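A.B. asks: start.pdb is reproduced in full below (PDB, C-alpha atoms).
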```
ATOM      1  CA  MET W  24     224.253   4.465 -25.747  1.00  0.00           C
ATOM      2  CA  PRO W  25     223.688   3.490 -29.398  1.00  0.00           C
ATOM      3  CA  ARG W  26     226.594   3.463 -31.786  1.00  0.00           C
ATOM      4  CA  ARG W  27     226.960   6.079 -34.493  1.00  0.00           C
ATOM      5  CA  ARG W  28     226.692   5.146 -38.121  1.00  0.00           C
ATOM      6  CA  SER W  29     229.580   2.985 -39.248  1.00  0.00           C
ATOM      7  CA  TYR W  30     231.232   2.450 -42.596  1.00  0.00           C
ATOM      8  CA  ASP W  31     230.919  -1.281 -41.810  1.00  0.00           C
ATOM      9  CA  GLN W  32     234.232  -2.018 -43.488  1.00  0.00           C
ATOM     10  CA  TYR W  33     236.869  -4.369 -42.107  1.00  0.00           C
ATOM     11  CA  CYS W  34     239.579  -1.763 -42.652  1.00  0.00           C
ATOM     12  CA  ALA W  35     241.735   0.000 -40.068  1.00  0.00           C
ATOM     13  CA  ALA W  36     241.260   3.408 -41.739  1.00  0.00           C
ATOM     14  CA  ALA W  37     237.488   2.942 -41.864  1.00  0.00           C
ATOM     15  CA  ARG W  38     237.408   1.903 -38.195  1.00  0.00           C
ATOM     16  CA  ALA W  39     239.406   4.995 -37.277  1.00  0.00           C
ATOM     17  CA  LEU W  40     237.020   7.212 -39.219  1.00  0.00           C
ATOM     18  CA  ASP W  41     234.095   5.556 -37.447  1.00  0.00           C
ATOM     19  CA  ALA W  42     235.521   7.084 -34.249  1.00  0.00           C
ATOM     20  CA  VAL W  43     236.991  10.414 -35.353  1.00  0.00           C
ATOM     21  CA  GLY W  44     235.618  11.080 -38.832  1.00  0.00           C
ATOM     22  CA  ASP W  45     232.686  13.256 -37.760  1.00  0.00           C
ATOM     23  CA  ARG W  46     232.970  17.016 -38.247  1.00  0.00           C
ATOM     24  CA  TRP W  47     234.626  18.767 -35.258  1.00  0.00           C
ATOM     25  CA  THR W  48     235.890  15.620 -33.518  1.00  0.00           C
ATOM     26  CA  LEU W  49     239.554  15.996 -34.464  1.00  0.00           C
ATOM     27  CA  LEU W  50     239.455  19.709 -33.666  1.00  0.00           C
ATOM     28  CA  ILE W  51     238.130  18.878 -30.203  1.00  0.00           C
ATOM     29  CA  VAL W  52     241.075  16.501 -29.878  1.00  0.00           C
ATOM     30  CA  ARG W  53     243.377  19.361 -30.918  1.00  0.00           C
ATOM     31  CA  GLU W  54     241.997  21.480 -28.081  1.00  0.00           C
ATOM     32  CA  LEU W  55     242.253  18.710 -25.488  1.00  0.00           C
ATOM     33  CA  LEU W  56     245.840  17.901 -26.472  1.00  0.00           C
ATOM     34  CA  ALA W  57     246.623  21.258 -24.844  1.00  0.00           C
ATOM     35  CA  GLY W  58     245.323  19.923 -21.519  1.00  0.00           C
ATOM     36  CA  PRO W  59     242.025  19.486 -19.652  1.00  0.00           C
ATOM     37  CA  ARG W  60     239.375  22.001 -20.747  1.00  0.00           C
ATOM     38  CA  ARG W  61     235.993  23.070 -19.483  1.00  0.00           C
ATOM     39  CA  TYR W  62     233.041  22.890 -21.857  1.00  0.00           C
ATOM     40  CA  THR W  63     232.851  26.695 -22.016  1.00  0.00           C
ATOM     41  CA  ASP W  64     236.565  26.915 -22.889  1.00  0.00           C
ATOM     42  CA  LEU W  65     236.140  24.367 -25.663  1.00  0.00           C
ATOM     43  CA  HIS W  66     233.182  26.249 -27.068  1.00  0.00           C
ATOM     44  CA  ALA W  67     235.112  29.541 -26.993  1.00  0.00           C
ATOM     45  CA  ASP W  68     238.103  28.067 -28.860  1.00  0.00           C
ATOM     46  CA  LEU W  69     236.020  26.243 -31.480  1.00  0.00           C
ATOM     47  CA  PRO W  70     234.361  29.166 -33.279  1.00  0.00           C
ATOM     48  CA  GLY W  71     231.438  27.977 -35.375  1.00  0.00           C
ATOM     49  CA  VAL W  72     230.499  24.843 -33.441  1.00  0.00           C
ATOM     50  CA  SER W  73     226.998  24.781 -32.004  1.00  0.00           C
ATOM     51  CA  THR W  74     226.431  23.837 -28.376  1.00  0.00           C
ATOM     52  CA  ASP W  75     224.372  20.797 -29.425  1.00  0.00           C
ATOM     53  CA  VAL W  76     227.068  19.478 -31.770  1.00  0.00           C
ATOM     54  CA  LEU W  77     229.843  20.044 -29.240  1.00  0.00           C
ATOM     55  CA  ALA W  78     227.914  18.218 -26.520  1.00  0.00           C
ATOM     56  CA  SER W  79     227.138  15.356 -28.911  1.00  0.00           C
ATOM     57  CA  ARG W  80     230.744  14.986 -30.031  1.00  0.00           C
ATOM     58  CA  LEU W  81     232.011  14.986 -26.443  1.00  0.00           C
ATOM     59  CA  LYS W  82     229.530  12.233 -25.534  1.00  0.00           C
ATOM     60  CA  ASP W  83     230.705  10.237 -28.552  1.00  0.00           C
ATOM     61  CA  MET W  84     234.336  10.702 -27.505  1.00  0.00           C
ATOM     62  CA  GLU W  85     233.553   9.506 -23.975  1.00  0.00           C
ATOM     63  CA  ARG W  86     231.762   6.467 -25.360  1.00  0.00           C
ATOM     64  CA  ASP W  87     234.662   5.655 -27.681  1.00  0.00           C
ATOM     65  CA  GLU W  88     237.133   6.082 -24.784  1.00  0.00           C
ATOM     66  CA  LEU W  89     238.896   9.003 -26.423  1.00  0.00           C
ATOM     67  CA  ALA W  90     238.067  11.421 -23.606  1.00  0.00           C
ATOM     68  CA  THR W  91     236.819  11.447 -20.040  1.00  0.00           C
ATOM     69  CA  ARG W  92     234.935  13.981 -17.937  1.00  0.00           C
ATOM     70  CA  ARG W  93     235.878  14.660 -14.318  1.00  0.00           C
ATOM     71  CA  ARG W  94     235.103  17.187 -11.638  1.00  0.00           C
ATOM     72  CA  LEU W  95     237.824  19.484 -10.375  1.00  0.00           C
ATOM     73  CA  PRO W  96     238.302  19.637  -6.605  1.00  0.00           C
ATOM     74  CA  PRO W  97     237.071  22.671  -4.625  1.00  0.00           C
ATOM     75  CA  PRO W  98     237.169  25.599  -4.838  1.00  0.00           C
ATOM     76  CA  ALA W  99     236.852  25.141  -8.635  1.00  0.00           C
ATOM     77  CA  SER W 100     234.033  22.541  -8.545  1.00  0.00           C
ATOM     78  CA  ALA W 101     233.856  22.605 -12.344  1.00  0.00           C
ATOM     79  CA  TYR W 102     233.879  19.715 -14.809  1.00  0.00           C
ATOM     80  CA  VAL W 103     236.661  19.333 -17.342  1.00  0.00           C
ATOM     81  CA  TYR W 104     237.197  17.062 -20.317  1.00  0.00           C
ATOM     82  CA  GLU W 105     240.562  15.428 -20.944  1.00  0.00           C
ATOM     83  CA  LEU W 106     241.956  12.905 -23.367  1.00  0.00           C
ATOM     84  CA  THR W 107     242.584   9.292 -22.517  1.00  0.00           C
ATOM     85  CA  GLU W 108     245.797   7.607 -23.582  1.00  0.00           C
ATOM     86  CA  ARG W 109     243.969   6.457 -26.711  1.00  0.00           C
ATOM     87  CA  GLY W 110     242.896  10.015 -27.429  1.00  0.00           C
ATOM     88  CA  ARG W 111     246.416  11.365 -26.932  1.00  0.00           C
ATOM     89  CA  GLY W 112     247.569   8.808 -29.480  1.00  0.00           C
ATOM     90  CA  LEU W 113     245.938  10.993 -32.139  1.00  0.00           C
ATOM     91  CA  LEU W 114     248.711  13.607 -31.901  1.00  0.00           C
ATOM     92  CA  PRO W 115     250.692  12.046 -34.811  1.00  0.00           C
ATOM     93  CA  VAL W 116     247.499  11.999 -36.877  1.00  0.00           C
ATOM     94  CA  LEU W 117     246.919  15.719 -36.317  1.00  0.00           C
ATOM     95  CA  THR W 118     250.598  16.441 -36.914  1.00  0.00           C
ATOM     96  CA  ALA W 119     250.421  14.695 -40.299  1.00  0.00           C
ATOM     97  CA  LEU W 120     247.194  16.531 -41.168  1.00  0.00           C
ATOM     98  CA  ALA W 121     248.766  19.867 -40.220  1.00  0.00           C
ATOM     99  CA  GLU W 122     251.783  19.152 -42.406  1.00  0.00           C
ATOM    100  CA  TRP W 123     249.540  18.171 -45.317  1.00  0.00           C
ATOM    101  CA  GLY W 124     247.310  21.218 -44.895  1.00  0.00           C
ATOM    102  CA  ALA W 125     250.041  23.810 -44.285  1.00  0.00           C
ATOM    103  CA  PRO W 126     250.129  25.056 -47.913  1.00  0.00           C
ATOM    104  CA  GLU W 127     246.472  26.069 -47.531  1.00  0.00           C
ATOM    105  CA  LEU W 128     247.529  28.750 -45.017  1.00  0.00           C
ATOM    106  CA  ALA W 129     249.324  30.830 -47.642  1.00  0.00           C
ATOM    107  CA  GLU W 130     246.581  33.427 -47.420  1.00  0.00           C
ATOM    108  CA  ARG W 131     244.437  34.143 -44.379  1.00  0.00           C
ATOM    109  CA  ARG W 132     240.775  34.629 -45.249  1.00  0.00           C
ATOM    110  CA  PRO W 133     238.868  37.543 -43.675  1.00  0.00           C
ATOM    111  CA  THR W 134     236.531  35.069 -41.955  1.00  0.00           C
ATOM    112  CA  ASP W 135     239.334  32.961 -40.440  1.00  0.00           C
ATOM    113  CA  ALA W 136     239.460  32.734 -36.658  1.00  0.00           C
ATOM    114  CA  VAL W 137     242.895  32.198 -35.105  1.00  0.00           C
ATOM    115  CA  ARG W 138     244.221  31.104 -31.720  1.00  0.00           C
ATOM    116  CA  ALA W 139     247.889  31.065 -30.785  1.00  0.00           C
ATOM    117  CA  HIS W 140     247.929  27.425 -29.631  1.00  0.00           C
ATOM    118  CA  TRP W 141     246.706  26.250 -33.040  1.00  0.00           C
ATOM    119  CA  PHE W 142     250.293  26.778 -34.221  1.00  0.00           C
ATOM    120  CA  ALA W 143     251.664  24.359 -31.624  1.00  0.00           C
ATOM    121  CA  ILE W 144     250.971  21.132 -33.527  1.00  0.00           C
ATOM    122  CA  PRO W 145     252.861  22.071 -36.728  1.00  0.00           C
ATOM    123  CA  LEU W 146     255.736  23.472 -34.643  1.00  0.00           C
ATOM    124  CA  LEU W 147     256.123  20.385 -32.438  1.00  0.00           C
ATOM    125  CA  PRO W 148     258.096  18.207 -34.897  1.00  0.00           C
ATOM    126  CA  VAL W 149     260.271  21.168 -35.959  1.00  0.00           C
ATOM    127  CA  LEU W 150     261.307  22.140 -32.441  1.00  0.00           C
ATOM    128  CA  ASP W 151     261.520  18.591 -31.101  1.00  0.00           C
ATOM    129  CA  GLY W 152     263.687  17.602 -34.057  1.00  0.00           C
ATOM    130  CA  LEU W 153     266.001  20.549 -33.404  1.00  0.00           C
ATOM    131  CA  ALA W 154     266.290  19.620 -29.741  1.00  0.00           C
ATOM    132  CA  GLY W 155     266.998  15.994 -30.630  1.00  0.00           C
ATOM    133  CA  ARG W 156     269.685  16.825 -33.193  1.00  0.00           C
ATOM    134  CA  SER W 157     271.353  19.119 -30.692  1.00  0.00           C
ATOM    135  CA  GLY W 158     271.543  16.380 -28.062  1.00  0.00           C
ATOM    136  CA  LEU W 159     269.359  18.148 -25.505  1.00  0.00           C
ATOM    137  CA  GLN W 160     269.450  16.112 -22.301  1.00  0.00           C
ATOM    138  CA  GLY W 161     266.273  15.814 -20.250  1.00  0.00           C
ATOM    139  CA  GLU W 162     263.082  17.746 -20.716  1.00  0.00           C
ATOM    140  CA  GLY W 163     262.763  21.442 -21.424  1.00  0.00           C
ATOM    141  CA  THR W 164     259.770  23.775 -21.507  1.00  0.00           C
ATOM    142  CA  LEU W 165     259.577  26.362 -24.247  1.00  0.00           C
ATOM    143  CA  GLU W 166     257.147  29.281 -24.135  1.00  0.00           C
ATOM    144  CA  VAL W 167     256.065  30.633 -27.519  1.00  0.00           C
ATOM    145  CA  ARG W 168     254.578  34.118 -27.803  1.00  0.00           C
ATOM    146  CA  LEU W 169     252.659  35.379 -30.833  1.00  0.00           C
ATOM    147  CA  ASP W 170     250.555  38.484 -31.337  1.00  0.00           C
ATOM    148  CA  GLU W 171     247.510  36.235 -30.867  1.00  0.00           C
ATOM    149  CA  GLY W 172     248.648  34.891 -27.475  1.00  0.00           C
ATOM    150  CA  ALA W 173     250.986  32.316 -25.967  1.00  0.00           C
ATOM    151  CA  PHE W 174     251.379  28.564 -25.659  1.00  0.00           C
ATOM    152  CA  HIS W 175     254.098  26.300 -24.321  1.00  0.00           C
ATOM    153  CA  ILE W 176     255.787  23.159 -25.568  1.00  0.00           C
ATOM    154  CA  ARG W 177     257.532  20.425 -23.583  1.00  0.00           C
ATOM    155  CA  LEU W 178     260.499  18.988 -25.465  1.00  0.00           C
ATOM    156  CA  GLY W 179     263.087  16.318 -24.792  1.00  0.00           C
ATOM    157  CA  GLU W 180     262.391  12.938 -23.252  1.00  0.00           C
ATOM    158  CA  GLY W 181     259.228  11.157 -24.388  1.00  0.00           C
ATOM    159  CA  GLU W 182     256.612  12.477 -26.763  1.00  0.00           C
ATOM    160  CA  PRO W 183     256.519  16.264 -27.213  1.00  0.00           C
ATOM    161  CA  ALA W 184     253.432  17.928 -25.769  1.00  0.00           C
ATOM    162  CA  TYR W 185     251.924  21.386 -25.652  1.00  0.00           C
ATOM    163  CA  GLY W 186     249.670  23.501 -23.490  1.00  0.00           C
ATOM    164  CA  ASP W 187     247.614  26.640 -23.960  1.00  0.00           C
ATOM    165  CA  GLY W 188     248.808  29.858 -22.329  1.00  0.00           C
ATOM    166  CA  PRO W 189     252.168  30.864 -20.826  1.00  0.00           C
ATOM    167  CA  ALA W 190     254.310  28.268 -19.070  1.00  0.00           C
ATOM    168  CA  ASP W 191     254.496  28.307 -15.269  1.00  0.00           C
ATOM    169  CA  THR W 192     258.255  27.976 -15.614  1.00  0.00           C
ATOM    170  CA  ALA W 193     259.999  28.239 -18.990  1.00  0.00           C
ATOM    171  CA  ASP W 194     263.544  27.200 -19.874  1.00  0.00           C
ATOM    172  CA  ALA W 195     263.392  29.422 -22.965  1.00  0.00           C
ATOM    173  CA  ARG W 196     261.000  31.795 -24.698  1.00  0.00           C
ATOM    174  CA  LEU W 197     260.381  32.436 -28.388  1.00  0.00           C
ATOM    175  CA  VAL W 198     258.714  35.583 -29.694  1.00  0.00           C
ATOM    176  CA  LEU W 199     257.613  35.508 -33.336  1.00  0.00           C
ATOM    177  CA  ASP W 200     254.587  36.100 -35.549  1.00  0.00           C
ATOM    178  CA  SER W 201     252.171  33.684 -37.173  1.00  0.00           C
ATOM    179  CA  ASP W 202     253.743  34.045 -40.628  1.00  0.00           C
ATOM    180  CA  THR W 203     257.096  32.983 -39.162  1.00  0.00           C
ATOM    181  CA  CYS W 204     255.409  30.037 -37.452  1.00  0.00           C
ATOM    182  CA  ARG W 205     254.008  28.951 -40.801  1.00  0.00           C
ATOM    183  CA  ALA W 206     257.419  29.295 -42.481  1.00  0.00           C
ATOM    184  CA  LEU W 207     258.996  27.140 -39.769  1.00  0.00           C
ATOM    185  CA  SER W 208     256.345  24.436 -40.042  1.00  0.00           C
ATOM    186  CA  GLU W 209     256.654  24.327 -43.836  1.00  0.00           C
ATOM    187  CA  GLY W 210     260.434  23.984 -43.622  1.00  0.00           C
ATOM    188  CA  VAL W 211     261.163  27.147 -45.627  1.00  0.00           C
ATOM    189  CA  LEU W 212     262.763  28.779 -42.567  1.00  0.00           C
ATOM    190  CA  THR W 213     264.937  27.336 -39.810  1.00  0.00           C
ATOM    191  CA  VAL W 214     264.956  28.604 -36.236  1.00  0.00           C
ATOM    192  CA  GLY W 215     268.580  29.642 -36.625  1.00  0.00           C
ATOM    193  CA  ASP W 216     267.875  31.655 -39.776  1.00  0.00           C
ATOM    194  CA  GLY W 217     264.852  33.245 -38.129  1.00  0.00           C
ATOM    195  CA  VAL W 218     266.964  34.328 -35.162  1.00  0.00           C
ATOM    196  CA  ARG W 219     269.708  35.733 -37.398  1.00  0.00           C
ATOM    197  CA  ASP W 220     267.162  37.574 -39.566  1.00  0.00           C
ATOM    198  CA  GLY W 221     265.485  39.125 -36.550  1.00  0.00           C
ATOM    199  CA  ARG W 222     262.190  37.318 -37.158  1.00  0.00           C
ATOM    200  CA  ILE W 223     262.535  35.233 -33.985  1.00  0.00           C
ATOM    201  CA  GLU W 224     263.572  36.497 -30.554  1.00  0.00           C
ATOM    202  CA  VAL W 225     264.950  33.928 -28.101  1.00  0.00           C
ATOM    203  CA  SER W 226     265.337  34.638 -24.389  1.00  0.00           C
ATOM    204  CA  GLY W 227     266.732  32.450 -21.637  1.00  0.00           C
ATOM    205  CA  GLU W 228     270.149  31.321 -20.481  1.00  0.00           C
ATOM    206  CA  GLY W 229     269.719  27.562 -20.212  1.00  0.00           C
ATOM    207  CA  THR W 230     270.685  24.798 -22.596  1.00  0.00           C
ATOM    208  CA  LEU W 231     267.401  24.925 -24.527  1.00  0.00           C
ATOM    209  CA  ALA W 232     267.736  28.674 -25.183  1.00  0.00           C
ATOM    210  CA  LYS W 233     271.327  28.186 -26.366  1.00  0.00           C
ATOM    211  CA  VAL W 234     270.233  25.368 -28.697  1.00  0.00           C
ATOM    212  CA  LEU W 235     267.554  27.603 -30.203  1.00  0.00           C
ATOM    213  CA  ARG W 236     270.058  30.427 -30.700  1.00  0.00           C
ATOM    214  CA  GLY W 237     272.496  27.990 -32.293  1.00  0.00           C
ATOM    215  CA  GLU W 238     275.189  28.576 -29.675  1.00  0.00           C
TER     216      GLU W 238
END
```
Take the structure in the file and give it back as structure tokens.
C.D. replies:
Amino acid sequence: MPRRRSYDQYCAAARALDAVGDRWTLLIVRELLAGPRRYTDLHADLPGVSTDVLASRLKDMERDELATRRRLPPPASAYVYELTERGRGLLPVLTALAEWGAPELAERRPTDAVRAHWFAIPLLPVLDGLAGRSGLQGEGTLEVRLDEGAFHIRLGEGEPAYGDGPADTADARLVLDSDTCRALSEGVLTVGDGVRDGRIEVSGEGTLAKVLRGE
């Protein structure tokens, strides 16, 4: 398969942009960081992308060893895309981009699409930092519920990770709205203050729930 156009610069940033600088590529990575996804699921959660562009970007990502395609065992018999270790290494890049772009979310435009799990990336460093400062031992799974849906975050040992939809088993649950999520990610609100102000509801009896409630 022929290579895409390159900046042809002996520069680490330019090389990175050769691989992920095309429109939609990093947003596909954002979706796949939530776990393996079928093509139809990716298309549904990337409003505005054409089928031709999505297929092209996925082929590019396979070629550049950012993602792989595999067939699920019966009875599913469907193909899913998932990130390689190299692809998962882009989480800090997306986290930094989310932090940089957070001020642009001050006002939601009428044309803006929204999915609950899009708030996971900016929340990851906030919640993982809180768990780390509180000395949380081992891993914990946190389910986050917004009006737009739910996602879950795995905190504790190793790199934090997230998945779309409710958790199979959650050690704690947060219920909040998207404006509160944005305030948390921008650092203008802490989890403890949100709980005390009634903007965040925490349920669960384990260590993670107690940490989030500030107990």
A.B. asks: Find the residues around W:Asp191 up to 12 Å (only C-alpha atoms counted), leave out those fewer than 4 positions away in its own chain, and share them as a list in words.
C.D. replies: Thr164, Leu165, Glu166, Ala173, Phe174, His175, Ile176, Arg177, Gly186, Asp187, Ala195 and Arg196 of chain W
A.B. asks: Can you measure atom CA of W:Gly221 to atom CA of W:Val167 for me? One decimal in Å is fine.
C.D. replies: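 Taking atom CA of W:Gly221 as the start and atom CA of W:Val167 as the end point, the length is 15.6 Å.
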A.B. asks: If you take all atoms listed in the file and a cut-off of 12 Å, which residues of stretch 125-160 of chain W touch stretch 60-79 of chain W, and what are their nearest atom pairs and distances in Å to one decimal, in chain and number order, as a Markdown table?
C.D. replies:
```
| residue | atom | partner | partner_atom | distance |
| --- | --- | --- | --- | --- |
| W:Thr134 | CA | W:Pro70 | CA | 10.7 |
| W:Asp135 | CA | W:Pro70 | CA | 9.5 |
| W:Ala136 | CA | W:Pro70 | CA | 7.1 |
| W:Val137 | CA | W:Asp68 | CA | 8.9 |
| W:Arg138 | CA | W:Asp68 | CA | 7.4 |
| W:Ala139 | CA | W:Asp68 | CA | 10.4 |
| W:His140 | CA | W:Asp68 | CA | 9.9 |
| W:Trp141 | CA | W:Asp68 | CA | 9.7 |
```
A.B. asks: Would you please work out which residue, of W:Arg94, W:Arg236, W:Arg132, W:Arg219, is nearest to W:Leu153 when using all atoms listed in the file?
C.D. replies: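 Smallest separation from W:Leu153 among the options: W:Arg236.
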A.B. asks: Could you check the closest approach to W:Leu178 for each of W:Leu49, W:Ile223, W:Val198, W:Leu146 and tell me which residue wins, using all atoms listed in the file?
C.D. replies: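 Looking only at the distances to W:Leu178, the closest residue turns out to be W:Leu146.
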A.B. asks: Expressed in Å to a single decimal, how great is the separation between atom CA of W:Glu108 and atom CA of W:Arg168?
C.D. replies: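 Interatomic distance here is 28.2 Å.
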A.B. asks: Under the rule that only C-alpha atoms are counted, which of W:Ser226, W:Leu50, W:Asp200, W:Tyr102 is the nearest residue to W:Asp170?
C.D. replies: W:Asp200
A.B. asks: What would the selection look like, as a list in words, if the PyMOL selection byres ((chain W and resi 58) around 9) were run on the coordinates I just shared?
C.D. replies: Glu54, Leu55, Leu56, Ala57, Pro59, Arg60, Tyr104, Glu105, Leu106, Tyr185, Gly186 and Asp187 of chain W
A.B. asks: Can those selected residues be exported to a file as a short mmCIF file (atom, residue, chain, number, x, y, z; two decimals), keeping the file's coordinate frame so that it contains C-alpha atoms?
C.D. replies:
```
data_model
loop_
_atom_site.label_atom_id
_atom_site.label_comp_id
_atom_site.auth_asym_id
_atom_site.auth_seq_id
_atom_site.Cartn_x
_atom_site.Cartn_y
_atom_site.Cartn_z
CA GLU W 54 242.00 21.48 -28.08
CA LEU W 55 242.25 18.71 -25.49
CA LEU W 56 245.84 17.90 -26.47
CA ALA W 57 246.62 21.26 -24.84
CA PRO W 59 242.02 19.49 -19.65
CA ARG W 60 239.38 22.00 -20.75
CA TYR W 104 237.20 17.06 -20.32
CA GLU W 105 240.56 15.43 -20.94
CA LEU W 106 241.96 12.90 -23.37
CA TYR W 185 251.92 21.39 -25.65
CA GLY W 186 249.67 23.50 -23.49
CA ASP W 187 247.61 26.64 -23.96
#
```
A.B. asks: Measuring atom to atom with only C-alpha atoms, identify which of W:Pro97, W:Ile51, W:Gly110, W:Arg92 is nearest to W:Ala39.
C.D. replies: W:Gly110
A.B. asks: What does the distance between atom CA of W:Glu122 and atom CA of W:Arg38 come to in Å, to one decimal place?
C.D. replies: 22.8 Å
A.B. asks: Do a neighbour search on W:Glu224 at 7 Å with all atoms listed in the file, toss out local chain neighbours closer than 5 positions, and write the hits as JSON, numbers by chain.
C.D. replies: {"W": [197, 198, 199, 218]}
A.B. asks: If you keep C-alpha atoms, can you produce a file of those selected residues as a compact mmCIF listing (two decimals), keeping the file's coordinate frame?
C.D. replies:
```txt
# COMPACT_ATOMS: atom_id res chain seq x y z
CA LEU W 197 260.38 32.44 -28.39
CA VAL W 198 258.71 35.58 -29.69
CA LEU W 199 257.61 35.51 -33.34
CA VAL W 218 266.96 34.33 -35.16
```
A.B. asks: Hey, what comes out of the PyMOL selection byres ((chain W and resi 89) around 7) on this file? Could you write it as a list in words?
C.D. replies: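 Answer for the PyMOL selection byres ((chain W and resi 89) around 7): Met84, Glu85, Asp87, Glu88, Ala90, Leu106, Thr107, Arg109 and Gly110 of chain W.
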A.B. asks: Point out the residue among W:Leu114, W:Ala206, W:Ala193, W:Val225 with the least atom-to-atom distance to W:Glu162, counting only C-alpha atoms.
C.D. replies: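 Under the stated criterion, the closest residue is W:Ala193.
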A.B. asks: Please evaluate the PyMOL selection byres ((chain W and resi 30) around 12) against the displayed coordinates and give the resulting residues as a PDB file with C-alpha atoms, keeping the file's coordinate frame.
C.D. replies:
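part_35.pdb, written as the output of this step:
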```pdb
ATOM      1  CA  ARG W  26     226.594   3.463 -31.786  1.00  0.00           C
ATOM      2  CA  ARG W  27     226.960   6.079 -34.493  1.00  0.00           C
ATOM      3  CA  ARG W  28     226.692   5.146 -38.121  1.00  0.00           C
ATOM      4  CA  SER W  29     229.580   2.985 -39.248  1.00  0.00           C
ATOM      5  CA  ASP W  31     230.919  -1.281 -41.810  1.00  0.00           C
ATOM      6  CA  GLN W  32     234.232  -2.018 -43.488  1.00  0.00           C
ATOM      7  CA  TYR W  33     236.869  -4.369 -42.107  1.00  0.00           C
ATOM      8  CA  CYS W  34     239.579  -1.763 -42.652  1.00  0.00           C
ATOM      9  CA  ALA W  35     241.735   0.000 -40.068  1.00  0.00           C
ATOM     10  CA  ALA W  36     241.260   3.408 -41.739  1.00  0.00           C
ATOM     11  CA  ALA W  37     237.488   2.942 -41.864  1.00  0.00           C
ATOM     12  CA  ARG W  38     237.408   1.903 -38.195  1.00  0.00           C
ATOM     13  CA  ALA W  39     239.406   4.995 -37.277  1.00  0.00           C
ATOM     14  CA  LEU W  40     237.020   7.212 -39.219  1.00  0.00           C
ATOM     15  CA  ASP W  41     234.095   5.556 -37.447  1.00  0.00           C
ATOM     16  CA  ALA W  42     235.521   7.084 -34.249  1.00  0.00           C
ATOM     17  CA  GLY W  44     235.618  11.080 -38.832  1.00  0.00           C
ATOM     18  CA  ASP W  45     232.686  13.256 -37.760  1.00  0.00           C
TER      19      ASP W  45
END
```
A.B. asks: Using only C-alpha atoms for the distances, tell me which of W:Val43, W:Ala125, W:Leu212, W:Leu147 is nearest to W:Glu182.
C.D. replies: W:Leu147
A.B. asks: Every residue with an atom at most 10 Å from (256.7, 31.6, -39.8) (file coordinates; only C-alpha atoms) is what I'm after, so could you write them as a ChimeraX atom specification?
C.D. replies: /W:142,146,199-214,217,222-223
A.B. asks: Save stretch 95-108 of chain W to a file: N, CA and C atoms, as a short mmCIF file (atom, residue, chain, number, x, y, z; two decimals), in the first residue's frame.
C.D. replies:
```
data_model
loop_
_atom_site.label_atom_id
_atom_site.label_comp_id
_atom_site.auth_asym_id
_atom_site.auth_seq_id
_atom_site.Cartn_x
_atom_site.Cartn_y
_atom_site.Cartn_z
N LEU W 95 -14.58 -11.20 15.52
CA LEU W 95 -15.06 -11.72 16.79
C LEU W 95 -15.50 -13.17 16.62
N PRO W 96 -15.37 -13.98 17.66
CA PRO W 96 -15.80 -15.37 17.56
C PRO W 96 -17.32 -15.48 17.49
N PRO W 97 -17.85 -16.59 16.98
CA PRO W 97 -19.29 -16.80 16.95
C PRO W 97 -19.86 -16.73 18.38
N PRO W 98 -21.10 -16.28 18.55
CA PRO W 98 -22.08 -16.04 17.49
C PRO W 98 -21.99 -14.64 16.87
N ALA W 99 -21.07 -13.79 17.35
CA ALA W 99 -21.02 -12.41 16.83
C ALA W 99 -20.61 -12.39 15.36
N SER W 100 -19.47 -13.04 15.04
CA SER W 100 -18.97 -13.11 13.66
C SER W 100 -18.89 -11.74 13.00
N ALA W 101 -18.56 -10.71 13.77
CA ALA W 101 -18.39 -9.37 13.22
C ALA W 101 -16.93 -8.97 13.35
N TYR W 102 -16.51 -8.00 12.55
CA TYR W 102 -15.15 -7.49 12.62
C TYR W 102 -15.12 -6.25 13.51
N VAL W 103 -14.06 -6.14 14.29
CA VAL W 103 -13.87 -4.96 15.12
C VAL W 103 -12.48 -4.40 14.88
N TYR W 104 -12.34 -3.11 15.13
CA TYR W 104 -11.05 -2.44 15.09
C TYR W 104 -10.62 -2.16 16.52
N GLU W 105 -9.33 -2.30 16.79
CA GLU W 105 -8.80 -1.98 18.11
C GLU W 105 -7.39 -1.42 17.97
N LEU W 106 -7.00 -0.65 18.96
CA LEU W 106 -5.69 -0.02 18.92
C LEU W 106 -4.58 -0.99 19.25
N THR W 107 -3.45 -0.80 18.64
CA THR W 107 -2.23 -1.50 19.04
C THR W 107 -1.63 -0.77 20.25
N GLU W 108 -0.57 -1.32 20.77
CA GLU W 108 0.12 -0.63 21.87
C GLU W 108 0.60 0.75 21.43
#
```
